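File shown here: upload-v8.pdb, holding PDB, C-alpha atoms.
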```pdb
ATOM      1  CA  MET T   1       2.321  23.368 -20.965  1.00  0.00           C
ATOM      2  CA  ASN T   2       5.862  22.080 -20.829  1.00  0.00           C
ATOM      3  CA  MET T   3       7.080  21.945 -17.246  1.00  0.00           C
ATOM      4  CA  GLY T   4      10.775  22.693 -17.143  1.00  0.00           C
ATOM      5  CA  GLY T   5      12.282  19.519 -18.557  1.00  0.00           C
ATOM      6  CA  GLU T   6      13.422  19.199 -22.160  1.00  0.00           C
ATOM      7  CA  GLY T   7      13.306  16.208 -24.459  1.00  0.00           C
ATOM      8  CA  VAL T   8      11.173  13.157 -24.079  1.00  0.00           C
ATOM      9  CA  VAL T   9      10.895  13.431 -20.272  1.00  0.00           C
ATOM     10  CA  GLY T  10       9.482  16.944 -20.645  1.00  0.00           C
ATOM     11  CA  VAL T  11       6.857  15.677 -23.094  1.00  0.00           C
ATOM     12  CA  VAL T  12       5.842  12.838 -20.751  1.00  0.00           C
ATOM     13  CA  LEU T  13       5.548  14.989 -17.609  1.00  0.00           C
ATOM     14  CA  THR T  14       2.125  16.528 -18.274  1.00  0.00           C
ATOM     15  CA  PRO T  15       0.270  13.214 -18.853  1.00  0.00           C
ATOM     16  CA  VAL T  16       2.056  11.720 -15.832  1.00  0.00           C
ATOM     17  CA  PHE T  17       0.889  14.607 -13.645  1.00  0.00           C
ATOM     18  CA  MET T  18      -2.656  14.158 -14.952  1.00  0.00           C
ATOM     19  CA  MET T  19      -2.637  10.418 -14.206  1.00  0.00           C
ATOM     20  CA  LEU T  20      -1.307  10.996 -10.683  1.00  0.00           C
ATOM     21  CA  LEU T  21      -3.889  13.697 -10.044  1.00  0.00           C
ATOM     22  CA  THR T  22      -6.705  11.398 -11.201  1.00  0.00           C
ATOM     23  CA  ALA T  23      -5.325   8.651  -8.966  1.00  0.00           C
ATOM     24  CA  ILE T  24      -5.214  10.959  -5.937  1.00  0.00           C
ATOM     25  CA  PHE T  25      -8.814  12.039  -6.604  1.00  0.00           C
ATOM     26  CA  LEU T  26      -9.960   8.406  -6.802  1.00  0.00           C
ATOM     27  CA  ALA T  27      -8.190   7.509  -3.541  1.00  0.00           C
ATOM     28  CA  PHE T  28      -9.589  10.650  -1.926  1.00  0.00           C
ATOM     29  CA  TRP T  29     -13.073   9.627  -2.997  1.00  0.00           C
ATOM     30  CA  ARG T  30     -12.558   6.348  -1.140  1.00  0.00           C
ATOM     31  CA  LEU T  31     -11.226   8.273   1.876  1.00  0.00           C
ATOM     32  CA  VAL T  32     -14.403  10.365   2.035  1.00  0.00           C
ATOM     33  CA  ARG T  33     -16.784   7.541   1.163  1.00  0.00           C
ATOM     34  CA  GLY T  34     -15.133   4.469   2.787  1.00  0.00           C
ATOM     35  CA  PRO T  35     -17.763   2.622   4.787  1.00  0.00           C
ATOM     36  CA  SER T  36     -15.404   1.577   7.618  1.00  0.00           C
ATOM     37  CA  LEU T  37     -12.426   3.097   9.387  1.00  0.00           C
ATOM     38  CA  PRO T  38      -9.888   0.573   7.937  1.00  0.00           C
ATOM     39  CA  ASP T  39     -11.112   1.572   4.444  1.00  0.00           C
ATOM     40  CA  ARG T  40     -10.130   5.134   5.177  1.00  0.00           C
ATOM     41  CA  VAL T  41      -6.751   4.083   6.548  1.00  0.00           C
ATOM     42  CA  VAL T  42      -6.057   2.095   3.358  1.00  0.00           C
ATOM     43  CA  ALA T  43      -7.031   5.107   1.249  1.00  0.00           C
ATOM     44  CA  LEU T  44      -4.782   7.347   3.338  1.00  0.00           C
ATOM     45  CA  ASP T  45      -1.864   4.939   2.917  1.00  0.00           C
ATOM     46  CA  ALA T  46      -2.424   4.889  -0.846  1.00  0.00           C
ATOM     47  CA  ILE T  47      -2.582   8.687  -0.953  1.00  0.00           C
ATOM     48  CA  ALA T  48       0.796   8.760   0.808  1.00  0.00           C
ATOM     49  CA  SER T  49       2.314   6.459  -1.850  1.00  0.00           C
ATOM     50  CA  LEU T  50       0.766   8.594  -4.584  1.00  0.00           C
ATOM     51  CA  SER T  51       2.180  11.723  -2.967  1.00  0.00           C
ATOM     52  CA  VAL T  52       5.655  10.189  -2.906  1.00  0.00           C
ATOM     53  CA  GLY T  53       5.297   9.634  -6.658  1.00  0.00           C
ATOM     54  CA  MET T  54       3.930  13.140  -7.168  1.00  0.00           C
ATOM     55  CA  ILE T  55       6.786  14.775  -5.236  1.00  0.00           C
ATOM     56  CA  VAL T  56       9.406  12.846  -7.217  1.00  0.00           C
ATOM     57  CA  VAL T  57       7.755  13.772 -10.528  1.00  0.00           C
ATOM     58  CA  TYR T  58       7.702  17.394  -9.357  1.00  0.00           C
ATOM     59  CA  ALA T  59      11.415  17.129  -8.544  1.00  0.00           C
ATOM     60  CA  ILE T  60      12.021  15.976 -12.134  1.00  0.00           C
ATOM     61  CA  ALA T  61       9.770  18.719 -13.541  1.00  0.00           C
ATOM     62  CA  THR T  62      11.534  21.524 -11.666  1.00  0.00           C
ATOM     63  CA  ASN T  63      14.965  19.885 -11.944  1.00  0.00           C
ATOM     64  CA  GLN T  64      15.453  20.236  -8.165  1.00  0.00           C
ATOM     65  CA  PRO T  65      16.790  16.955  -6.695  1.00  0.00           C
ATOM     66  CA  ILE T  66      16.369  18.374  -3.177  1.00  0.00           C
ATOM     67  CA  TYR T  67      12.643  17.501  -3.287  1.00  0.00           C
ATOM     68  CA  VAL T  68      13.547  13.799  -3.261  1.00  0.00           C
ATOM     69  CA  ASP T  69      14.418  14.264   0.435  1.00  0.00           C
ATOM     70  CA  ALA T  70      10.818  15.303   1.095  1.00  0.00           C
ATOM     71  CA  ALA T  71       9.685  12.065  -0.539  1.00  0.00           C
ATOM     72  CA  ILE T  72      11.901  10.056   1.839  1.00  0.00           C
ATOM     73  CA  VAL T  73      10.384  11.787   4.870  1.00  0.00           C
ATOM     74  CA  LEU T  74       6.837  11.302   3.575  1.00  0.00           C
ATOM     75  CA  ALA T  75       7.394   7.574   2.966  1.00  0.00           C
ATOM     76  CA  LEU T  76       8.692   7.182   6.546  1.00  0.00           C
ATOM     77  CA  ILE T  77       5.919   9.176   8.224  1.00  0.00           C
ATOM     78  CA  ALA T  78       3.178   7.472   6.209  1.00  0.00           C
ATOM     79  CA  PHE T  79       4.295   4.023   7.362  1.00  0.00           C
ATOM     80  CA  LEU T  80       4.392   5.102  10.986  1.00  0.00           C
ATOM     81  CA  GLY T  81       0.935   6.669  10.680  1.00  0.00           C
ATOM     82  CA  THR T  82      -0.549   3.555   9.120  1.00  0.00           C
ATOM     83  CA  VAL T  83       0.847   1.260  11.803  1.00  0.00           C
ATOM     84  CA  ALA T  84      -0.358   3.602  14.535  1.00  0.00           C
ATOM     85  CA  PHE T  85      -3.866   3.686  13.056  1.00  0.00           C
ATOM     86  CA  ALA T  86      -3.952  -0.105  12.817  1.00  0.00           C
ATOM     87  CA  GLN T  87      -2.852  -0.477  16.449  1.00  0.00           C
ATOM     88  CA  TYR T  88      -5.552   1.955  17.488  1.00  0.00           C
ATOM     89  CA  ILE T  89      -8.257   0.101  15.556  1.00  0.00           C
ATOM     90  CA  GLU T  90      -7.186  -3.254  16.946  1.00  0.00           C
ATOM     91  CA  ARG T  91      -6.929  -2.058  20.529  1.00  0.00           C
ATOM     92  CA  ARG T  92     -10.344  -0.410  20.283  1.00  0.00           C
ATOM     93  CA  ALA T  93     -11.771  -3.751  19.104  1.00  0.00           C
ATOM     94  CA  ARG T  94     -10.098  -5.638  21.948  1.00  0.00           C
ATOM     95  CA  ASP T  95     -11.045  -3.262  24.768  1.00  0.00           C
ATOM     96  CA  GLY T  96     -14.587  -2.886  23.453  1.00  0.00           C
TER      97      GLY T  96
ATOM     98  CA  MET B   1      18.792   6.706 -24.328  1.00  0.00           C
ATOM     99  CA  VAL B   2      18.736   7.201 -20.567  1.00  0.00           C
ATOM    100  CA  GLU B   3      16.093   9.877 -21.007  1.00  0.00           C
ATOM    101  CA  TRP B   4      13.950   7.417 -22.945  1.00  0.00           C
ATOM    102  CA  ALA B   5      14.286   4.859 -20.160  1.00  0.00           C
ATOM    103  CA  ALA B   6      13.333   7.502 -17.587  1.00  0.00           C
ATOM    104  CA  ALA B   7      10.301   8.563 -19.638  1.00  0.00           C
ATOM    105  CA  ILE B   8       9.123   4.966 -20.053  1.00  0.00           C
ATOM    106  CA  LEU B   9       9.569   4.297 -16.329  1.00  0.00           C
ATOM    107  CA  LEU B  10       7.588   7.454 -15.534  1.00  0.00           C
ATOM    108  CA  ILE B  11       4.684   6.349 -17.739  1.00  0.00           C
ATOM    109  CA  VAL B  12       4.740   2.792 -16.374  1.00  0.00           C
ATOM    110  CA  GLY B  13       4.895   3.997 -12.768  1.00  0.00           C
ATOM    111  CA  ALA B  14       2.089   6.501 -13.232  1.00  0.00           C
ATOM    112  CA  SER B  15      -0.031   3.808 -14.920  1.00  0.00           C
ATOM    113  CA  PHE B  16       0.459   1.453 -11.992  1.00  0.00           C
ATOM    114  CA  LEU B  17      -0.407   4.187  -9.492  1.00  0.00           C
ATOM    115  CA  LEU B  18      -3.538   5.030 -11.485  1.00  0.00           C
ATOM    116  CA  LEU B  19      -4.500   1.346 -11.594  1.00  0.00           C
ATOM    117  CA  ALA B  20      -3.999   1.087  -7.835  1.00  0.00           C
ATOM    118  CA  ALA B  21      -6.265   4.080  -7.276  1.00  0.00           C
ATOM    119  CA  VAL B  22      -8.919   2.670  -9.619  1.00  0.00           C
ATOM    120  CA  GLY B  23      -8.745  -0.578  -7.645  1.00  0.00           C
ATOM    121  CA  ILE B  24      -9.162   1.286  -4.360  1.00  0.00           C
ATOM    122  CA  ALA B  25     -12.190   3.100  -5.713  1.00  0.00           C
ATOM    123  CA  ARG B  26     -13.850   0.163  -7.486  1.00  0.00           C
ATOM    124  CA  MET B  27     -13.028  -3.078  -5.618  1.00  0.00           C
ATOM    125  CA  PRO B  28     -15.967  -4.569  -3.698  1.00  0.00           C
ATOM    126  CA  ASP B  29     -14.536  -5.079  -0.177  1.00  0.00           C
ATOM    127  CA  LEU B  30     -11.739  -3.870   2.063  1.00  0.00           C
ATOM    128  CA  PHE B  31      -9.383  -6.804   1.604  1.00  0.00           C
ATOM    129  CA  SER B  32      -9.387  -6.732  -2.198  1.00  0.00           C
ATOM    130  CA  ARG B  33      -8.976  -2.959  -2.117  1.00  0.00           C
ATOM    131  CA  MET B  34      -6.020  -3.353   0.176  1.00  0.00           C
ATOM    132  CA  GLN B  35      -4.195  -5.809  -2.015  1.00  0.00           C
ATOM    133  CA  THR B  36      -4.415  -3.505  -5.048  1.00  0.00           C
ATOM    134  CA  ALA B  37      -3.260  -0.611  -2.918  1.00  0.00           C
ATOM    135  CA  ALA B  38      -0.320  -2.467  -1.398  1.00  0.00           C
ATOM    136  CA  LYS B  39       1.114  -4.104  -4.521  1.00  0.00           C
ATOM    137  CA  ALA B  40       0.336  -1.821  -7.455  1.00  0.00           C
ATOM    138  CA  ALA B  41       1.034   1.379  -5.540  1.00  0.00           C
ATOM    139  CA  THR B  42       4.395   0.077  -4.305  1.00  0.00           C
ATOM    140  CA  LEU B  43       5.475  -0.939  -7.800  1.00  0.00           C
ATOM    141  CA  GLY B  44       4.255   2.344  -9.283  1.00  0.00           C
ATOM    142  CA  ALA B  45       6.035   4.513  -6.746  1.00  0.00           C
ATOM    143  CA  GLY B  46       9.176   2.383  -7.148  1.00  0.00           C
ATOM    144  CA  CYS B  47       9.166   2.875 -10.942  1.00  0.00           C
ATOM    145  CA  ILE B  48       8.706   6.645 -10.662  1.00  0.00           C
ATOM    146  CA  VAL B  49      11.462   6.964  -8.093  1.00  0.00           C
ATOM    147  CA  LEU B  50      13.781   4.903 -10.308  1.00  0.00           C
ATOM    148  CA  ALA B  51      12.985   7.241 -13.200  1.00  0.00           C
ATOM    149  CA  ALA B  52      14.182  10.132 -11.035  1.00  0.00           C
ATOM    150  CA  ALA B  53      17.480   8.305 -10.412  1.00  0.00           C
ATOM    151  CA  LEU B  54      17.973   7.879 -14.166  1.00  0.00           C
ATOM    152  CA  HIS B  55      16.966  11.468 -14.910  1.00  0.00           C
ATOM    153  CA  PHE B  56      19.265  13.153 -12.402  1.00  0.00           C
ATOM    154  CA  GLY B  57      22.069  10.636 -12.799  1.00  0.00           C
ATOM    155  CA  SER B  58      24.007  11.777  -9.713  1.00  0.00           C
ATOM    156  CA  ALA B  59      25.273   9.579  -6.893  1.00  0.00           C
ATOM    157  CA  GLY B  60      23.441  11.493  -4.144  1.00  0.00           C
ATOM    158  CA  VAL B  61      20.031  11.179  -5.785  1.00  0.00           C
ATOM    159  CA  THR B  62      20.648   7.519  -6.603  1.00  0.00           C
ATOM    160  CA  VAL B  63      21.406   6.717  -2.964  1.00  0.00           C
ATOM    161  CA  ARG B  64      18.234   8.512  -1.842  1.00  0.00           C
ATOM    162  CA  VAL B  65      16.252   6.689  -4.500  1.00  0.00           C
ATOM    163  CA  LEU B  66      17.565   3.320  -3.389  1.00  0.00           C
ATOM    164  CA  LEU B  67      16.662   4.285   0.184  1.00  0.00           C
ATOM    165  CA  ILE B  68      13.089   5.148  -0.798  1.00  0.00           C
ATOM    166  CA  THR B  69      12.737   1.955  -2.839  1.00  0.00           C
ATOM    167  CA  ALA B  70      14.080  -0.294  -0.106  1.00  0.00           C
ATOM    168  CA  PHE B  71      11.897   1.429   2.454  1.00  0.00           C
ATOM    169  CA  LEU B  72       8.736   1.185   0.341  1.00  0.00           C
ATOM    170  CA  PHE B  73       9.316  -2.482  -0.433  1.00  0.00           C
ATOM    171  CA  LEU B  74       9.979  -3.274   3.233  1.00  0.00           C
ATOM    172  CA  THR B  75       7.148  -1.320   4.795  1.00  0.00           C
ATOM    173  CA  ALA B  76       4.240  -1.680   2.334  1.00  0.00           C
ATOM    174  CA  PRO B  77       3.659  -5.402   3.092  1.00  0.00           C
ATOM    175  CA  ILE B  78       3.924  -4.766   6.832  1.00  0.00           C
ATOM    176  CA  ALA B  79       1.467  -1.894   6.699  1.00  0.00           C
ATOM    177  CA  ALA B  80      -0.997  -3.916   4.606  1.00  0.00           C
ATOM    178  CA  HIS B  81      -0.723  -6.887   6.958  1.00  0.00           C
ATOM    179  CA  VAL B  82      -1.280  -4.772  10.053  1.00  0.00           C
ATOM    180  CA  ILE B  83      -4.354  -3.032   8.620  1.00  0.00           C
ATOM    181  CA  ALA B  84      -5.793  -6.325   7.358  1.00  0.00           C
ATOM    182  CA  ARG B  85      -5.341  -7.894  10.782  1.00  0.00           C
ATOM    183  CA  ALA B  86      -6.994  -4.978  12.548  1.00  0.00           C
ATOM    184  CA  ALA B  87      -9.851  -4.937  10.029  1.00  0.00           C
ATOM    185  CA  TYR B  88     -10.422  -8.671  10.482  1.00  0.00           C
ATOM    186  CA  PHE B  89     -10.736  -8.253  14.243  1.00  0.00           C
ATOM    187  CA  VAL B  90     -13.092  -5.311  13.889  1.00  0.00           C
ATOM    188  CA  GLY B  91     -15.278  -7.528  11.699  1.00  0.00           C
ATOM    189  CA  VAL B  92     -15.197  -5.595   8.430  1.00  0.00           C
ATOM    190  CA  PRO B  93     -17.637  -7.474   6.166  1.00  0.00           C
ATOM    191  CA  LEU B  94     -16.255  -9.635   3.363  1.00  0.00           C
ATOM    192  CA  TRP B  95     -17.559  -9.376  -0.186  1.00  0.00           C
ATOM    193  CA  GLU B  96     -20.749 -11.439  -0.599  1.00  0.00           C
ATOM    194  CA  GLY B  97     -19.032 -13.475  -3.349  1.00  0.00           C
ATOM    195  CA  THR B  98     -16.264 -14.646  -0.995  1.00  0.00           C
ATOM    196  CA  ILE B  99     -16.058 -18.450  -1.068  1.00  0.00           C
ATOM    197  CA  ALA B 100     -13.493 -19.161   1.669  1.00  0.00           C
ATOM    198  CA  ASP B 101     -12.558 -17.555   4.987  1.00  0.00           C
ATOM    199  CA  GLU B 102      -9.822 -19.786   6.325  1.00  0.00           C
ATOM    200  CA  LEU B 103      -9.266 -17.649   9.419  1.00  0.00           C
ATOM    201  CA  ARG B 104     -12.821 -18.056  10.703  1.00  0.00           C
ATOM    202  CA  GLY B 105     -12.788 -19.360  14.260  1.00  0.00           C
ATOM    203  CA  ARG B 106      -9.020 -19.597  14.507  1.00  0.00           C
ATOM    204  CA  TYR B 107      -8.362 -16.368  16.340  1.00  0.00           C
ATOM    205  CA  ASN B 108      -8.747 -16.225  20.068  1.00  0.00           C
ATOM    206  CA  GLN B 109     -11.117 -13.266  20.317  1.00  0.00           C
ATOM    207  CA  ALA B 110      -9.934 -12.305  23.812  1.00  0.00           C
ATOM    208  CA  THR B 111      -6.164 -12.278  23.253  1.00  0.00           C
ATOM    209  CA  HIS B 112      -6.066 -11.833  19.434  1.00  0.00           C
ATOM    210  CA  GLU B 113      -3.658 -14.748  19.159  1.00  0.00           C
ATOM    211  CA  LEU B 114      -3.790 -17.315  16.421  1.00  0.00           C
ATOM    212  CA  GLY B 115      -5.016 -20.574  17.971  1.00  0.00           C
ATOM    213  CA  GLN B 116      -4.553 -24.147  16.851  1.00  0.00           C
ATOM    214  CA  LEU B 117      -5.778 -25.269  13.454  1.00  0.00           C
ATOM    215  CA  PRO B 118      -9.271 -26.807  13.817  1.00  0.00           C
ATOM    216  CA  GLN B 119      -8.366 -30.112  12.166  1.00  0.00           C
ATOM    217  CA  LEU B 120      -5.311 -30.528  14.409  1.00  0.00           C
ATOM    218  CA  ARG B 121      -7.483 -29.821  17.433  1.00  0.00           C
ATOM    219  CA  ASP B 122     -10.043 -32.387  16.236  1.00  0.00           C
ATOM    220  CA  GLN B 123      -7.329 -35.010  15.685  1.00  0.00           C
ATOM    221  CA  ARG B 124      -5.990 -34.430  19.168  1.00  0.00           C
ATOM    222  CA  ASP B 125      -9.479 -34.681  20.672  1.00  0.00           C
ATOM    223  CA  GLU B 126     -10.080 -37.950  18.835  1.00  0.00           C
ATOM    224  CA  ALA B 127      -6.764 -39.352  20.074  1.00  0.00           C
ATOM    225  CA  CYS B 128      -7.636 -38.417  23.657  1.00  0.00           C
ATOM    226  CA  GLU B 129     -11.083 -39.990  23.387  1.00  0.00           C
ATOM    227  CA  GLY B 130      -9.551 -43.151  21.895  1.00  0.00           C
ATOM    228  CA  ALA B 131      -7.007 -43.365  24.695  1.00  0.00           C
ATOM    229  CA  ALA B 132      -9.354 -42.640  27.600  1.00  0.00           C
ATOM    230  CA  PRO B 133     -11.411 -45.930  27.756  1.00  0.00           C
ATOM    231  CA  SER B 134      -8.337 -48.186  27.518  1.00  0.00           C
ATOM    232  CA  THR B 135      -6.689 -46.754  30.634  1.00  0.00           C
TER     233      THR B 135
END
```
Mind turning this structure into structure tokens?
Amino acid sequence: MNMGGEGVVGVVLTPVFMMLLTAIFLAFWRLVRGPSLPDRVVALDAIASLSVGMIVVYAIATNQPIYVDAAIVLALIAFLGTVAFAQYIERRARDG
Amino acid sequence: MVEWAAAILLIVGASFLLLAAVGIARMPDLFSRMQTAAKAATLGAGCIVLAAALHFGSAGVTVRVLLITAFLFLTAPIAAHVIARAAYFVGVPLWEGTIADELRGRYNQATHELGQLPQLRDQRDEACEGAAPST
């Protein structure tokens, strides 16, 4: 399977997709398994970073630079979500 | 030449992201998991995004890529710090092999503010006790 791109980047794309997919599965395993709520938040944050990478690789594979915009939005939203989760966890600990 | 650089950056970035995920899955406690996630994942995503800038080679994509990189490198440490702080207050257990917890007893549990360092407090108490009888 050669996704779109020619030359050496096209050759590299398939193993890169496989590595990213494995990484997302591993992080997802932690998200499901994680013993505490902060564990799950960390896994979710990592999945967001991995998705940014995945979207950018997909933009290279399809030769559509417009997808990079989606990566910007995802990076922004993921940070806001993580900070909101952390505030919630901390406030829940303080208020009992 | 540029394509080769982009391909190498893609492989390096994907390797770092995979390593970060392996760390998240395999590390023994929350805080060690978090430090792999914060550092390796940021570097990996940064490398991949840079590869996209090299591959497309247009000004618009490069500006977006620099935006993503700057944003990732600014926000990842903040996010990791905020989660670590919250987890410490909740009392997430440390790994049983942990040898030092320098924050123990330094947080005011009611207000979540960092109090005085214990040795400074002890020094001050000693000074007060030394001064009290002489007056």
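Coordinates place atom CA of Val32 of chain T at a distance of 28.0 Å from atom CA of Val49 of chain B.
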Exercise for review: Dump as a list in words the residues of chain B that approach chain T to within 6 Å, counting only C-alpha atoms.
Suggested key: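 Every residue of chain B that passes the 6 Å test is in Ala7, Ala14, Leu18, Ala21, Ala25, Leu30, Ala37, Ala45, Ile68, Ile83, Ala86, Ala87 and Val90 of chain B.
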Exercise for review: Would you write out, as a PyMOL selection string, every residue that the PyMOL selection byres ((chain B and resi 95) around 10) captures in this file?
Suggested key: chain B and resi 27-32+92-94+96-99
Can I get the residues of segment 61-116 of chain B within 10 Å of segment 50-54 of chain B, each with the closest pair of atoms and their distance in Å to one decimal, using all atoms listed in the file, sorted chain first then ascending number, as CSV?
```
residue,atom,partner,partner_atom,distance
B:Val61,CA,B:Ala53,CA,6.0
B:Thr62,CA,B:Ala53,CA,5.0
B:Val63,CA,B:Ala53,CA,8.6
B:Arg64,CA,B:Ala53,CA,8.6
B:Val65,CA,B:Ala53,CA,6.3
B:Leu66,CA,B:Leu50,CA,8.0
B:Ile68,CA,B:Leu50,CA,9.5
B:Thr69,CA,B:Leu50,CA,8.1
```
Edge lengths and centre in Å to one decimal, as lines of an AutoDock Vina configuration file, is what I'm after for the box along x, y and z that holds all listed atoms of segment 67-78 of chain T once 8 Å is added on each side.
```
center_x = 8.8
center_y = 12.3
center_z = 2.5
size_x = 27.2
size_y = 26.3
size_z = 27.5
```
